[in-house]
>>> print(open('upload.cif').read())   # mmCIF, C-alpha atoms, pLDDT in the B column; chains and numbers go by the auth columns
data_protein
loop_
_atom_site.group_PDB
_atom_site.id
_atom_site.type_symbol
_atom_site.label_atom_id
_atom_site.label_comp_id
_atom_site.label_asym_id
_atom_site.label_seq_id
_atom_site.Cartn_x
_atom_site.Cartn_y
_atom_site.Cartn_z
_atom_site.B_iso_or_equiv
_atom_site.auth_seq_id
_atom_site.auth_asym_id
ATOM 1 C CA MET A 1 -24.874 5.105 0.134 68.00 206 G
ATOM 2 C CA HIS A 2 -23.392 1.656 0.713 85.00 207 G
ATOM 3 C CA ALA A 3 -22.179 -0.279 -2.322 92.00 208 G
ATOM 4 C CA ARG A 4 -23.694 -3.675 -3.036 94.00 209 G
ATOM 5 C CA ASP A 5 -21.182 -6.417 -3.854 96.00 210 G
ATOM 6 C CA HIS A 6 -21.750 -8.777 -6.768 97.00 211 G
ATOM 7 C CA ARG A 7 -19.386 -11.669 -7.435 97.00 212 G
ATOM 8 C CA VAL A 8 -19.791 -13.182 -10.872 97.00 213 G
ATOM 9 C CA ASP A 9 -18.026 -15.777 -12.976 97.00 214 G
ATOM 10 C CA ARG A 10 -15.828 -14.268 -15.702 97.00 215 G
ATOM 11 C CA SER A 11 -18.213 -15.672 -18.324 97.00 216 G
ATOM 12 C CA GLN A 12 -21.041 -13.636 -16.766 97.00 217 G
ATOM 13 C CA TRP A 13 -19.050 -10.376 -16.434 98.00 218 G
ATOM 14 C CA LEU A 14 -20.409 -8.604 -19.498 97.00 219 G
ATOM 15 C CA ALA A 15 -23.932 -10.015 -19.117 97.00 220 G
ATOM 16 C CA HIS A 16 -24.123 -8.998 -15.453 97.00 221 G
ATOM 17 C CA CYS A 17 -22.897 -5.447 -16.065 97.00 222 G
ATOM 18 C CA THR A 18 -25.282 -5.150 -19.028 97.00 223 G
ATOM 19 C CA GLU A 19 -28.162 -6.292 -16.823 97.00 224 G
ATOM 20 C CA LEU A 20 -27.229 -3.774 -14.090 97.00 225 G
ATOM 21 C CA ALA A 21 -27.044 -0.999 -16.682 97.00 226 G
ATOM 22 C CA ALA A 22 -30.524 -1.958 -17.914 97.00 227 G
ATOM 23 C CA GLN A 23 -31.733 -1.687 -14.317 96.00 228 G
ATOM 24 C CA GLY A 24 -30.368 1.842 -14.020 95.00 229 G
ATOM 25 C CA ALA A 25 -26.679 1.530 -13.056 96.00 230 G
ATOM 26 C CA THR A 26 -25.660 3.405 -16.173 96.00 231 G
ATOM 27 C CA MET A 27 -22.579 5.191 -14.813 97.00 232 G
ATOM 28 C CA LEU A 28 -19.226 3.429 -14.729 97.00 233 G
ATOM 29 C CA ASP A 29 -17.343 5.161 -11.954 97.00 234 G
ATOM 30 C CA MET A 30 -14.241 3.003 -11.882 96.00 235 G
ATOM 31 C CA LEU A 31 -12.774 -0.242 -13.163 97.00 236 G
ATOM 32 C CA THR A 32 -9.613 -1.670 -11.693 97.00 237 G
ATOM 33 C CA ALA A 33 -7.938 -4.910 -10.628 98.00 238 G
ATOM 34 C CA VAL A 34 -6.262 -6.596 -7.667 97.00 239 G
ATOM 35 C CA ASP A 35 -3.478 -9.126 -8.147 96.00 240 G
ATOM 36 C CA ASP A 36 -3.732 -12.326 -6.117 96.00 241 G
ATOM 37 C CA PRO A 37 -0.665 -14.399 -7.014 93.00 242 G
ATOM 38 C CA GLY A 38 -1.342 -16.881 -4.183 94.00 243 G
ATOM 39 C CA GLY A 39 -4.751 -17.645 -5.639 96.00 244 G
ATOM 40 C CA GLY A 40 -3.392 -17.708 -9.197 96.00 245 G
ATOM 41 C CA ARG A 41 -5.894 -15.096 -10.252 97.00 246 G
ATOM 42 C CA ILE A 42 -6.360 -11.401 -10.899 98.00 247 G
ATOM 43 C CA GLU A 43 -9.548 -9.908 -9.517 98.00 248 G
ATOM 44 C CA VAL A 44 -11.265 -7.288 -11.653 98.00 249 G
ATOM 45 C CA VAL A 45 -13.811 -4.942 -10.127 98.00 250 G
ATOM 46 C CA ALA A 46 -16.172 -2.399 -11.665 98.00 251 G
ATOM 47 C CA HIS A 47 -17.946 0.278 -9.657 97.00 252 G
ATOM 48 C CA LEU A 48 -21.332 1.020 -11.236 97.00 253 G
ATOM 49 C CA VAL A 49 -23.647 3.758 -10.053 97.00 254 G
ATOM 50 C CA ASP A 50 -27.375 4.262 -10.459 96.00 255 G
ATOM 51 C CA VAL A 51 -27.489 8.039 -10.188 95.00 256 G
ATOM 52 C CA VAL A 52 -31.300 8.239 -10.213 95.00 257 G
ATOM 53 C CA ASN A 53 -31.951 5.754 -7.414 94.00 258 G
ATOM 54 C CA ARG A 54 -28.651 6.532 -5.663 94.00 259 G
ATOM 55 C CA GLU A 55 -27.448 2.935 -5.678 95.00 260 G
ATOM 56 C CA ARG A 56 -23.867 1.714 -5.989 97.00 261 G
ATOM 57 C CA HIS A 57 -22.696 -1.681 -7.197 97.00 262 G
ATOM 58 C CA LEU A 58 -19.274 -3.300 -7.001 98.00 263 G
ATOM 59 C CA VAL A 59 -19.087 -6.100 -9.547 98.00 264 G
ATOM 60 C CA TRP A 60 -16.223 -8.506 -8.872 98.00 265 G
ATOM 61 C CA THR A 61 -14.865 -11.255 -11.055 98.00 266 G
ATOM 62 C CA ASP A 62 -11.511 -12.940 -11.496 97.00 267 G
ATOM 63 C CA VAL A 63 -9.398 -14.061 -14.408 97.00 268 G
ATOM 64 C CA ASP A 64 -6.748 -16.762 -14.639 97.00 269 G
ATOM 65 C CA ARG A 65 -3.347 -15.230 -13.897 96.00 270 G
ATOM 66 C CA ASP A 66 -1.739 -17.291 -16.681 95.00 271 G
ATOM 67 C CA ASP A 67 -4.385 -16.365 -19.243 95.00 272 G
ATOM 68 C CA PRO A 68 -5.980 -13.092 -18.126 97.00 273 G
ATOM 69 C CA VAL A 69 -8.730 -12.437 -20.640 97.00 274 G
ATOM 70 C CA LEU A 70 -12.073 -10.766 -19.929 98.00 275 G
ATOM 71 C CA ASP A 71 -14.882 -9.366 -22.053 98.00 276 G
ATOM 72 C CA SER A 72 -14.719 -5.634 -22.636 98.00 277 G
ATOM 73 C CA LEU A 73 -17.485 -3.402 -21.262 97.00 278 G
ATOM 74 C CA LEU A 74 -17.062 -0.928 -24.131 97.00 279 G
ATOM 75 C CA GLY A 75 -20.439 -1.773 -25.638 96.00 280 G
ATOM 76 C CA VAL A 76 -22.258 -0.933 -22.377 96.00 281 G
ATOM 77 C CA HIS A 77 -20.011 1.791 -20.962 97.00 282 G
ATOM 78 C CA PRO A 78 -17.974 3.624 -23.629 95.00 283 G
ATOM 79 C CA GLY A 79 -15.944 5.194 -20.799 95.00 284 G
ATOM 80 C CA ALA A 80 -14.630 1.756 -19.860 97.00 285 G
ATOM 81 C CA GLY A 81 -12.089 2.022 -22.684 95.00 286 G
ATOM 82 C CA TRP A 82 -9.673 4.136 -20.715 95.00 287 G
ATOM 83 C CA HIS A 83 -9.928 2.027 -17.545 97.00 288 G
ATOM 84 C CA GLU A 84 -9.451 -1.198 -19.484 97.00 289 G
ATOM 85 C CA ARG A 85 -6.399 0.277 -21.167 96.00 290 G
ATOM 86 C CA GLU A 86 -4.988 1.121 -17.744 96.00 291 G
ATOM 87 C CA VAL A 87 -5.777 -2.315 -16.274 97.00 292 G
ATOM 88 C CA HIS A 88 -4.176 -3.916 -19.342 97.00 293 G
ATOM 89 C CA GLU A 89 -1.024 -1.874 -18.826 96.00 294 G
ATOM 90 C CA MET A 90 -0.784 -2.313 -15.069 96.00 295 G
ATOM 91 C CA PHE A 91 -2.002 -5.925 -14.691 97.00 296 G
ATOM 92 C CA GLY A 92 -1.727 -7.457 -18.180 96.00 297 G
ATOM 93 C CA VAL A 93 -5.435 -8.262 -18.417 97.00 298 G
ATOM 94 C CA THR A 94 -6.619 -8.380 -22.033 97.00 299 G
ATOM 95 C CA PHE A 95 -10.136 -7.129 -22.666 98.00 300 G
ATOM 96 C CA ALA A 96 -11.653 -8.948 -25.614 97.00 301 G
ATOM 97 C CA GLY A 97 -13.453 -6.442 -27.796 96.00 302 G
ATOM 98 C CA ASN A 98 -11.380 -3.406 -26.807 96.00 303 G
ATOM 99 C CA PRO A 99 -9.455 -2.384 -29.952 96.00 304 G
ATOM 100 C CA ASP A 100 -7.100 0.087 -28.220 94.00 305 G
ATOM 101 C CA LEU A 101 -5.062 -1.361 -25.356 95.00 306 G
ATOM 102 C CA ARG A 102 -1.908 0.680 -25.993 93.00 307 G
ATOM 103 C CA PRO A 103 0.088 1.448 -22.823 92.00 308 G
ATOM 104 C CA LEU A 104 -0.504 4.875 -21.309 90.00 309 G
ATOM 105 C CA LEU A 105 2.598 5.425 -19.166 90.00 310 G
ATOM 106 C CA THR A 106 5.112 2.652 -19.744 87.00 311 G
ATOM 107 C CA THR A 107 6.798 1.391 -22.882 85.00 312 G
ATOM 108 C CA GLY A 108 5.214 -1.977 -22.193 75.00 313 G
ATOM 109 C CA ASP A 109 8.580 -3.745 -22.098 80.00 314 G
ATOM 110 C CA ALA A 110 9.182 -3.927 -18.356 77.00 315 G
ATOM 111 C CA GLY A 111 6.249 -6.064 -17.301 86.00 316 G
ATOM 112 C CA HIS A 112 3.065 -4.964 -15.605 92.00 317 G
ATOM 113 C CA PRO A 113 3.938 -2.697 -12.653 89.00 318 G
ATOM 114 C CA LEU A 114 0.970 -3.525 -10.413 92.00 319 G
ATOM 115 C CA LEU A 115 1.392 -7.295 -10.522 93.00 320 G
ATOM 116 C CA ARG A 116 2.861 -8.214 -7.157 90.00 321 G
ATOM 117 C CA THR A 117 5.479 -10.387 -8.840 89.00 322 G
ATOM 118 C CA THR A 118 6.877 -7.554 -10.959 88.00 323 G
ATOM 119 C CA PRO A 119 10.223 -6.467 -9.485 85.00 324 G
ATOM 120 C CA LEU A 120 10.690 -2.790 -8.668 83.00 325 G
ATOM 121 C CA PRO A 121 14.327 -2.252 -9.751 81.00 326 G
ATOM 122 C CA ALA A 122 14.615 1.271 -8.314 82.00 327 G
ATOM 123 C CA ARG A 123 14.102 -0.229 -4.868 86.00 328 G
ATOM 124 C CA VAL A 124 17.247 -2.334 -5.194 85.00 329 G
ATOM 125 C CA ALA A 125 19.402 0.802 -5.246 85.00 330 G
ATOM 126 C CA THR A 126 17.476 2.602 -2.476 88.00 331 G
ATOM 127 C CA PRO A 127 18.330 1.819 1.156 90.00 332 G
ATOM 128 C CA TRP A 128 15.233 0.400 2.848 93.00 333 G
ATOM 129 C CA PRO A 129 14.555 2.087 6.204 94.00 334 G
ATOM 130 C CA GLY A 130 12.874 -1.123 7.404 93.00 335 G
ATOM 131 C CA ALA A 131 16.175 -3.005 7.471 91.00 336 G
ATOM 132 C CA PHE A 132 17.035 -1.449 10.831 92.00 337 G
ATOM 133 C CA GLU A 133 16.494 -3.445 14.031 90.00 338 G
ATOM 134 C CA PRO A 134 16.701 -1.833 17.506 90.00 339 G
ATOM 135 C CA SER A 135 18.519 -4.984 18.655 84.00 340 G
ATOM 136 C CA ASP A 136 21.400 -3.946 16.411 84.00 341 G
ATOM 137 C CA ARG A 137 22.192 -1.534 19.239 85.00 342 G
ATOM 138 C CA PRO A 138 21.942 -3.776 22.307 82.00 343 G
ATOM 139 C CA ALA A 139 22.265 -2.646 25.911 80.00 344 G
ATOM 140 C CA GLY A 140 25.803 -3.021 27.182 70.00 345 G
ATOM 141 C CA GLU A 141 27.737 -6.099 26.214 63.00 346 G
ATOM 142 C CA ARG A 142 24.822 -8.458 26.337 57.00 347 G
ATOM 143 C CA VAL A 143 23.657 -9.210 22.878 57.00 348 G
ATOM 144 C CA ALA A 144 19.900 -9.243 22.707 54.00 349 G
ATOM 145 C CA ALA A 145 18.082 -11.999 20.880 61.00 350 G
ATOM 146 C CA ARG A 146 18.155 -11.183 17.222 62.00 351 G
ATOM 147 C CA PRO A 147 15.353 -11.977 14.840 61.00 352 G
ATOM 148 C CA ARG A 148 16.105 -15.221 13.034 67.00 353 G
ATOM 149 C CA SER A 149 15.130 -14.001 9.626 76.00 354 G
ATOM 150 C CA ARG A 150 15.209 -10.421 8.545 79.00 355 G
ATOM 151 C CA PRO A 151 12.465 -9.005 6.398 83.00 356 G
ATOM 152 C CA GLY A 152 13.518 -7.684 3.017 86.00 357 G
ATOM 153 C CA PRO A 153 12.242 -4.699 1.095 88.00 358 G
ATOM 154 C CA PRO A 154 8.887 -5.302 -0.598 83.00 359 G
ATOM 155 C CA GLY A 155 9.095 -5.273 -4.384 81.00 360 G
ATOM 156 C CA VAL A 156 12.625 -6.657 -4.474 85.00 361 G
ATOM 157 C CA PRO A 157 12.857 -10.408 -5.253 81.00 362 G
ATOM 158 C CA SER A 158 14.624 -12.269 -2.428 80.00 363 G
ATOM 159 C CA GLU A 159 17.307 -13.538 -4.825 79.00 364 G
ATOM 160 C CA TRP A 160 18.224 -9.920 -5.594 80.00 365 G
ATOM 161 C CA GLN A 161 18.688 -9.053 -1.924 76.00 366 G
ATOM 162 C CA ALA A 162 22.132 -9.088 -0.386 65.00 367 G
ATOM 163 C CA MET B 1 -11.792 12.562 13.761 51.00 169 I
ATOM 164 C CA SER B 2 -11.120 16.181 13.017 64.00 170 I
ATOM 165 C CA GLY B 3 -8.902 16.111 9.954 84.00 171 I
ATOM 166 C CA HIS B 4 -6.355 14.175 7.932 89.00 172 I
ATOM 167 C CA ALA B 5 -3.718 16.811 7.191 94.00 173 I
ATOM 168 C CA ARG B 6 -0.627 15.385 8.848 96.00 174 I
ATOM 169 C CA ILE B 7 0.458 12.556 11.102 97.00 175 I
ATOM 170 C CA ALA B 8 1.691 13.119 14.639 97.00 176 I
ATOM 171 C CA LEU B 9 3.972 10.915 16.719 97.00 177 I
ATOM 172 C CA ILE B 10 3.051 10.097 20.301 97.00 178 I
ATOM 173 C CA ALA B 11 6.542 9.053 21.256 96.00 179 I
ATOM 174 C CA ASP B 12 5.604 7.715 24.689 96.00 180 I
ATOM 175 C CA ASN B 13 3.519 5.009 23.004 97.00 181 I
ATOM 176 C CA CYS B 14 6.171 3.993 20.461 97.00 182 I
ATOM 177 C CA THR B 15 8.007 0.712 21.087 96.00 183 I
ATOM 178 C CA SER B 16 10.257 1.026 17.990 96.00 184 I
ATOM 179 C CA CYS B 17 8.650 -2.164 16.640 95.00 185 I
ATOM 180 C CA MET B 18 9.346 -1.051 13.043 96.00 186 I
ATOM 181 C CA LEU B 19 5.894 -2.041 11.776 97.00 187 I
ATOM 182 C CA CYS B 20 5.069 1.407 10.372 97.00 188 I
ATOM 183 C CA VAL B 21 8.500 1.759 8.768 97.00 189 I
ATOM 184 C CA ARG B 22 8.119 -1.581 7.004 96.00 190 I
ATOM 185 C CA GLU B 23 4.509 -1.160 5.959 96.00 191 I
ATOM 186 C CA CYS B 24 4.959 2.324 4.469 96.00 192 I
ATOM 187 C CA PRO B 25 4.469 1.991 0.682 93.00 193 I
ATOM 188 C CA THR B 26 6.645 5.016 -0.077 94.00 194 I
ATOM 189 C CA TRP B 27 9.418 4.274 2.438 96.00 195 I
ATOM 190 C CA CYS B 28 8.986 7.760 3.928 97.00 196 I
ATOM 191 C CA ILE B 29 9.361 6.741 7.602 98.00 197 I
ATOM 192 C CA SER B 30 12.625 5.928 9.336 97.00 198 I
ATOM 193 C CA LEU B 31 13.493 5.563 12.988 97.00 199 I
ATOM 194 C CA GLU B 32 16.528 5.303 15.206 96.00 200 I
ATOM 195 C CA ALA B 33 16.440 3.323 18.435 96.00 201 I
ATOM 196 C CA HIS B 34 18.639 1.449 20.870 94.00 202 I
ATOM 197 C CA GLN B 35 18.068 -1.058 23.637 91.00 203 I
ATOM 198 C CA GLU B 36 18.414 -0.476 27.360 90.00 204 I
ATOM 199 C CA LEU B 37 18.376 -2.819 30.336 86.00 205 I
ATOM 200 C CA VAL B 38 15.437 -2.517 32.710 86.00 206 I
ATOM 201 C CA GLY B 39 14.661 -4.067 36.075 79.00 207 I
ATOM 202 C CA ASP B 40 17.205 -5.907 38.209 79.00 208 I
ATOM 203 C CA PRO B 41 20.598 -5.721 36.468 71.00 209 I
ATOM 204 C CA GLY B 42 21.727 -8.832 38.338 75.00 210 I
ATOM 205 C CA ALA B 43 18.889 -10.986 37.101 77.00 211 I
ATOM 206 C CA ARG B 44 19.814 -14.123 35.185 80.00 212 I
ATOM 207 C CA ARG B 45 17.934 -12.906 32.144 77.00 213 I
ATOM 208 C CA PRO B 46 18.007 -9.100 32.140 76.00 214 I
ATOM 209 C CA ARG B 47 15.089 -7.543 30.343 83.00 215 I
ATOM 210 C CA THR B 48 15.665 -4.995 27.630 85.00 216 I
ATOM 211 C CA VAL B 49 13.417 -2.332 26.166 90.00 217 I
ATOM 212 C CA ASN B 50 13.707 -0.429 22.932 94.00 218 I
ATOM 213 C CA VAL B 51 14.288 3.282 23.402 95.00 219 I
ATOM 214 C CA LEU B 52 13.309 5.556 20.532 96.00 220 I
ATOM 215 C CA ASP B 53 16.053 8.032 19.607 96.00 221 I
ATOM 216 C CA ASP B 54 14.608 9.650 16.525 96.00 222 I
ATOM 217 C CA PHE B 55 11.627 9.220 14.246 97.00 223 I
ATOM 218 C CA THR B 56 11.476 10.856 10.829 97.00 224 I
ATOM 219 C CA ILE B 57 8.703 11.283 8.293 97.00 225 I
ATOM 220 C CA ASP B 58 9.662 12.710 4.901 97.00 226 I
ATOM 221 C CA TRP B 59 6.568 14.659 3.903 97.00 227 I
ATOM 222 C CA GLY B 60 7.952 14.972 0.377 95.00 228 I
ATOM 223 C CA LEU B 61 7.488 11.204 -0.026 95.00 229 I
ATOM 224 C CA CYS B 62 4.443 10.631 2.181 97.00 230 I
ATOM 225 C CA MET B 63 1.220 10.120 0.232 96.00 231 I
ATOM 226 C CA TYR B 64 -0.983 10.456 3.327 96.00 232 I
ATOM 227 C CA CYS B 65 -2.423 6.956 2.964 96.00 233 I
ATOM 228 C CA GLY B 66 -2.606 6.433 6.729 96.00 234 I
ATOM 229 C CA ILE B 67 -1.377 2.829 6.613 97.00 235 I
ATOM 230 C CA CYS B 68 1.154 3.645 9.357 97.00 236 I
ATOM 231 C CA VAL B 69 -1.615 5.006 11.585 97.00 237 I
ATOM 232 C CA GLU B 70 -3.694 1.895 10.946 97.00 238 I
ATOM 233 C CA VAL B 71 -0.880 -0.581 11.471 97.00 239 I
ATOM 234 C CA CYS B 72 0.522 0.866 14.716 98.00 240 I
ATOM 235 C CA PRO B 73 -0.495 -1.532 17.507 97.00 241 I
ATOM 236 C CA PHE B 74 0.219 1.046 20.212 97.00 242 I
ATOM 237 C CA ASP B 75 -1.573 4.137 18.836 97.00 243 I
ATOM 238 C CA ALA B 76 1.706 5.991 18.606 97.00 244 I
ATOM 239 C CA LEU B 77 0.701 7.618 15.302 97.00 245 I
ATOM 240 C CA ALA B 78 -2.395 9.758 14.890 97.00 246 I
ATOM 241 C CA TRP B 79 -3.918 12.112 12.355 96.00 247 I
ATOM 242 C CA ARG B 80 -3.834 15.852 13.003 95.00 248 I
ATOM 243 C CA PRO B 81 -5.894 18.550 11.247 94.00 249 I
ATOM 244 C CA ASP B 82 -3.112 21.096 10.693 93.00 250 I
ATOM 245 C CA ALA B 83 -1.201 20.888 7.420 93.00 251 I
ATOM 246 C CA VAL B 84 2.538 20.370 7.042 94.00 252 I
ATOM 247 C CA ALA B 85 4.189 23.772 6.639 91.00 253 I
ATOM 248 C CA PRO B 86 5.860 24.502 3.305 94.00 254 I
ATOM 249 C CA THR B 87 9.596 25.035 3.207 94.00 255 I
ATOM 250 C CA SER B 88 12.204 26.459 0.860 94.00 256 I
ATOM 251 C CA GLU B 89 15.077 24.475 2.356 92.00 257 I
ATOM 252 C CA PRO B 90 16.289 21.235 0.796 89.00 258 I
ATOM 253 C CA GLY B 91 15.323 18.425 3.152 90.00 259 I
ATOM 254 C CA GLY B 92 12.974 20.765 4.992 94.00 260 I
ATOM 255 C CA LEU B 93 10.112 18.321 4.590 96.00 261 I
ATOM 256 C CA ARG B 94 11.962 15.721 6.649 96.00 262 I
ATOM 257 C CA HIS B 95 10.434 16.190 10.093 97.00 263 I
ATOM 258 C CA GLY B 96 12.123 14.523 13.053 96.00 264 I
ATOM 259 C CA LYS B 97 10.760 13.481 16.409 96.00 265 I
ATOM 260 C CA ASP B 98 10.698 17.047 17.772 94.00 266 I
ATOM 261 C CA ARG B 99 8.447 18.351 15.009 94.00 267 I
ATOM 262 C CA LEU B 100 6.227 15.280 14.761 96.00 268 I
ATOM 263 C CA GLU B 101 5.215 15.269 18.413 93.00 269 I
ATOM 264 C CA GLY B 102 2.231 17.291 19.471 79.00 270 I
#
>>> encode(input="upload.cif", output="structure tokens")
Amino acid sequence: MHARDHRVDRSQWLAHCTELAAQGATMLDMLTAVDDPGGGRIEVVAHLVDVVNRERHLVWTDVDRDDPVLDSLLGVHPGAGWHEREVHEMFGVTFAGNPDLRPLLTTGDAGHPLLRTTPLPARVATPWPGAFEPSDRPAGERVAARPRSRPGPPGVPSEWQA
Amino acid sequence: MSGHARIALIADNCTSCMLCVRECPTWCISLEAHQELVGDPGARRPRTVNVLDDFTIDWGLCMYCGICVEVCPFDALAWRPDAVAPTSEPGGLRHGKDRLEG
């Protein structure tokens, strides 16, 4: 059962999902987001299922990273409340029309953990196994060519790295 | 594809390129390697190869996402159907090269 992709403008998000629900895709299986800092946007995706006709739909849209606001699907899928709360906590997307966007896991003070630009402080104190280079142990006295720039641990801002 | 229960190392294929170690989201892979000279030792530019000394997966950290298997350009990591054995020893879920092969 292959999922059909729909890409809609953020202004059409609620209307498109409402239309799909009217056509039978009445089950909201999942709603989540993907951060795209390079594109200045956060993609939001909903997985809708038509359980009678065995059809799956992935509805994609994107919101402005500096002003991430999207219509809530609560009116169509009451179960969207929990997912929207999670996406709000993890990505900072505000769902207009959802009255309860309290954080589920975090205190809400330390940023949104799943935005790629949010630092992961615990990783600063943990040695990164990827820092090792085999050329650190060259054969004999000859020093092998070393990589010009060394990669740093993901999640740690470069200005925090030694 | 017979099962996704653990990941095996095919050490002969590994070039110690570090891709899996760096791509792992949970930082559960580490490896030890050194370089050795190959070919004519008198050549003007002696060639070196990486030699893998040890390769460790910490199954207590691994989330079985398979990114390391996907990212390995040399097929040195592969899924296996048999599960990782439980242990009562601290650090017992850190499996080195000997236990990961096969």
>>> resolve_selection(input="upload.cif", expression="the PyMOL selection byres ((chain G) within 9 of (chain I))", output="list in words")
Trp333, Pro334, Gly335, Ala336, Phe337, Glu338, Pro339, Ser340, Asp341, Arg342, Pro343, Ala344, Gly345, Arg347, Ala349, Pro356, Pro358 and Pro359 of chain G
>>> residues_around(input="upload.cif", residues="segment 206-220 of chain G", least_positions_apart="2", cutoff="6 Å", atoms="all atoms listed in the file", output="PDB file with C-alpha atoms, in the coordinates of the input")
ATOM      1  CA  CYS G 222     -22.897  -5.447 -16.065  1.00 97.00           C
ATOM      2  CA  THR G 223     -25.282  -5.150 -19.028  1.00 97.00           C
ATOM      3  CA  ARG G 261     -23.867   1.714  -5.989  1.00 97.00           C
ATOM      4  CA  HIS G 262     -22.696  -1.681  -7.197  1.00 97.00           C
ATOM      5  CA  LEU G 263     -19.274  -3.300  -7.001  1.00 98.00           C
ATOM      6  CA  VAL G 264     -19.087  -6.100  -9.547  1.00 98.00           C
ATOM      7  CA  TRP G 265     -16.223  -8.506  -8.872  1.00 98.00           C
ATOM      8  CA  THR G 266     -14.865 -11.255 -11.055  1.00 98.00           C
TER       9      THR G 266
END
>>> resolve_selection(input="upload.cif", expression="the PyMOL selection byres ((chain G and resi 290-306) around 9)", output="PyMOL selection string")
chain G and resi 236-240+247+249+268+270+272-280+285-289+307-311+313+316-320
>>> write_last_selection(input="upload.cif", atoms="C-alpha atoms", output="mmCIF file, keeping the file's coordinate frame")
data_model
loop_
_atom_site.group_PDB
_atom_site.id
_atom_site.type_symbol
_atom_site.label_atom_id
_atom_site.label_comp_id
_atom_site.auth_asym_id
_atom_site.auth_seq_id
_atom_site.Cartn_x
_atom_site.Cartn_y
_atom_site.Cartn_z
ATOM 1 C CA LEU G 236 -12.774 -0.242 -13.163
ATOM 2 C CA THR G 237 -9.613 -1.670 -11.693
ATOM 3 C CA ALA G 238 -7.938 -4.910 -10.628
ATOM 4 C CA VAL G 239 -6.262 -6.596 -7.667
ATOM 5 C CA ASP G 240 -3.478 -9.126 -8.147
ATOM 6 C CA ILE G 247 -6.360 -11.401 -10.899
ATOM 7 C CA VAL G 249 -11.265 -7.288 -11.653
ATOM 8 C CA VAL G 268 -9.398 -14.061 -14.408
ATOM 9 C CA ARG G 270 -3.347 -15.230 -13.897
ATOM 10 C CA ASP G 272 -4.385 -16.365 -19.243
ATOM 11 C CA PRO G 273 -5.980 -13.092 -18.126
ATOM 12 C CA VAL G 274 -8.730 -12.437 -20.640
ATOM 13 C CA LEU G 275 -12.073 -10.766 -19.929
ATOM 14 C CA ASP G 276 -14.882 -9.366 -22.053
ATOM 15 C CA SER G 277 -14.719 -5.634 -22.636
ATOM 16 C CA LEU G 278 -17.485 -3.402 -21.262
ATOM 17 C CA LEU G 279 -17.062 -0.928 -24.131
ATOM 18 C CA GLY G 280 -20.439 -1.773 -25.638
ATOM 19 C CA ALA G 285 -14.630 1.756 -19.860
ATOM 20 C CA GLY G 286 -12.089 2.022 -22.684
ATOM 21 C CA TRP G 287 -9.673 4.136 -20.715
ATOM 22 C CA HIS G 288 -9.928 2.027 -17.545
ATOM 23 C CA GLU G 289 -9.451 -1.198 -19.484
ATOM 24 C CA ARG G 307 -1.908 0.680 -25.993
ATOM 25 C CA PRO G 308 0.088 1.448 -22.823
ATOM 26 C CA LEU G 309 -0.504 4.875 -21.309
ATOM 27 C CA LEU G 310 2.598 5.425 -19.166
ATOM 28 C CA THR G 311 5.112 2.652 -19.744
ATOM 29 C CA GLY G 313 5.214 -1.977 -22.193
ATOM 30 C CA GLY G 316 6.249 -6.064 -17.301
ATOM 31 C CA HIS G 317 3.065 -4.964 -15.605
ATOM 32 C CA PRO G 318 3.938 -2.697 -12.653
ATOM 33 C CA LEU G 319 0.970 -3.525 -10.413
ATOM 34 C CA LEU G 320 1.392 -7.295 -10.522
#
>>> residues_near_point(input="upload.cif", point="(-2.4, 4.8, 6.7)", cutoff="10 Å", atoms="all atoms listed in the file", output="ChimeraX atom specification")
/I:175,188,191-193,231-240,245-247
>>> atom_distance(input="upload.cif", atom1="atom CA of Gly360 of chain G", atom2="atom CA of Leu325 of chain G")
5.2 Å
>>> resolve_selection(input="upload.cif", expression="the PyMOL selection byres ((chain G and resi 233) around 10)", output="ChimeraX atom specification")
/G:222,226,230-232,234-236,251-255,262,278,281-285,288
>>> axis_aligned_box(input="upload.cif", around="segment 306-316 of chain G", padding_each_side="5 Å", output="JSON")
{"center_x": 2.1, "center_y": -0.3, "center_z": -21.6, "size_x": 24.2, "size_y": 21.5, "size_z": 18.7}
>>> atom_distance(input="upload.cif", atom1="atom CA of Thr322 of chain G", atom2="atom CA of Thr194 of chain I")
17.8 Å
>>> atom_distance(input="upload.cif", atom1="atom CA of Ala330 of chain G", atom2="atom CA of Ser363 of chain G")
14.2 Å
>>> closest_residue(input="upload.cif", among="G:Val361, G:Glu248, G:Arg259, G:Gly243", to="Gly229 of chain G", atoms="only C-alpha atoms")
G:Arg259
>>> residues_around(input="upload.cif", residues="Pro362 of chain G", least_positions_apart="5", cutoff="10 Å", atoms="all atoms listed in the file", output="MDAnalysis selection string")
chainID G and resid 322:326 329 357
>>> write_last_selection(input="upload.cif", atoms="C-alpha atoms", output="short mmCIF file (atom, residue, chain, number, x, y, z; two decimals), keeping the file's coordinate frame")
data_model
loop_
_atom_site.label_atom_id
_atom_site.label_comp_id
_atom_site.auth_asym_id
_atom_site.auth_seq_id
_atom_site.Cartn_x
_atom_site.Cartn_y
_atom_site.Cartn_z
CA THR G 322 5.48 -10.39 -8.84
CA THR G 323 6.88 -7.55 -10.96
CA PRO G 324 10.22 -6.47 -9.48
CA LEU G 325 10.69 -2.79 -8.67
CA PRO G 326 14.33 -2.25 -9.75
CA VAL G 329 17.25 -2.33 -5.19
CA GLY G 357 13.52 -7.68 3.02
#
>>> residues_around(input="upload.cif", residues="segment 258-269 of chain I", least_positions_apart="2", cutoff="9 Å", atoms="all atoms listed in the file", output="PyMOL selection string")
chain I and resi 175-179+196+221-229+252-256
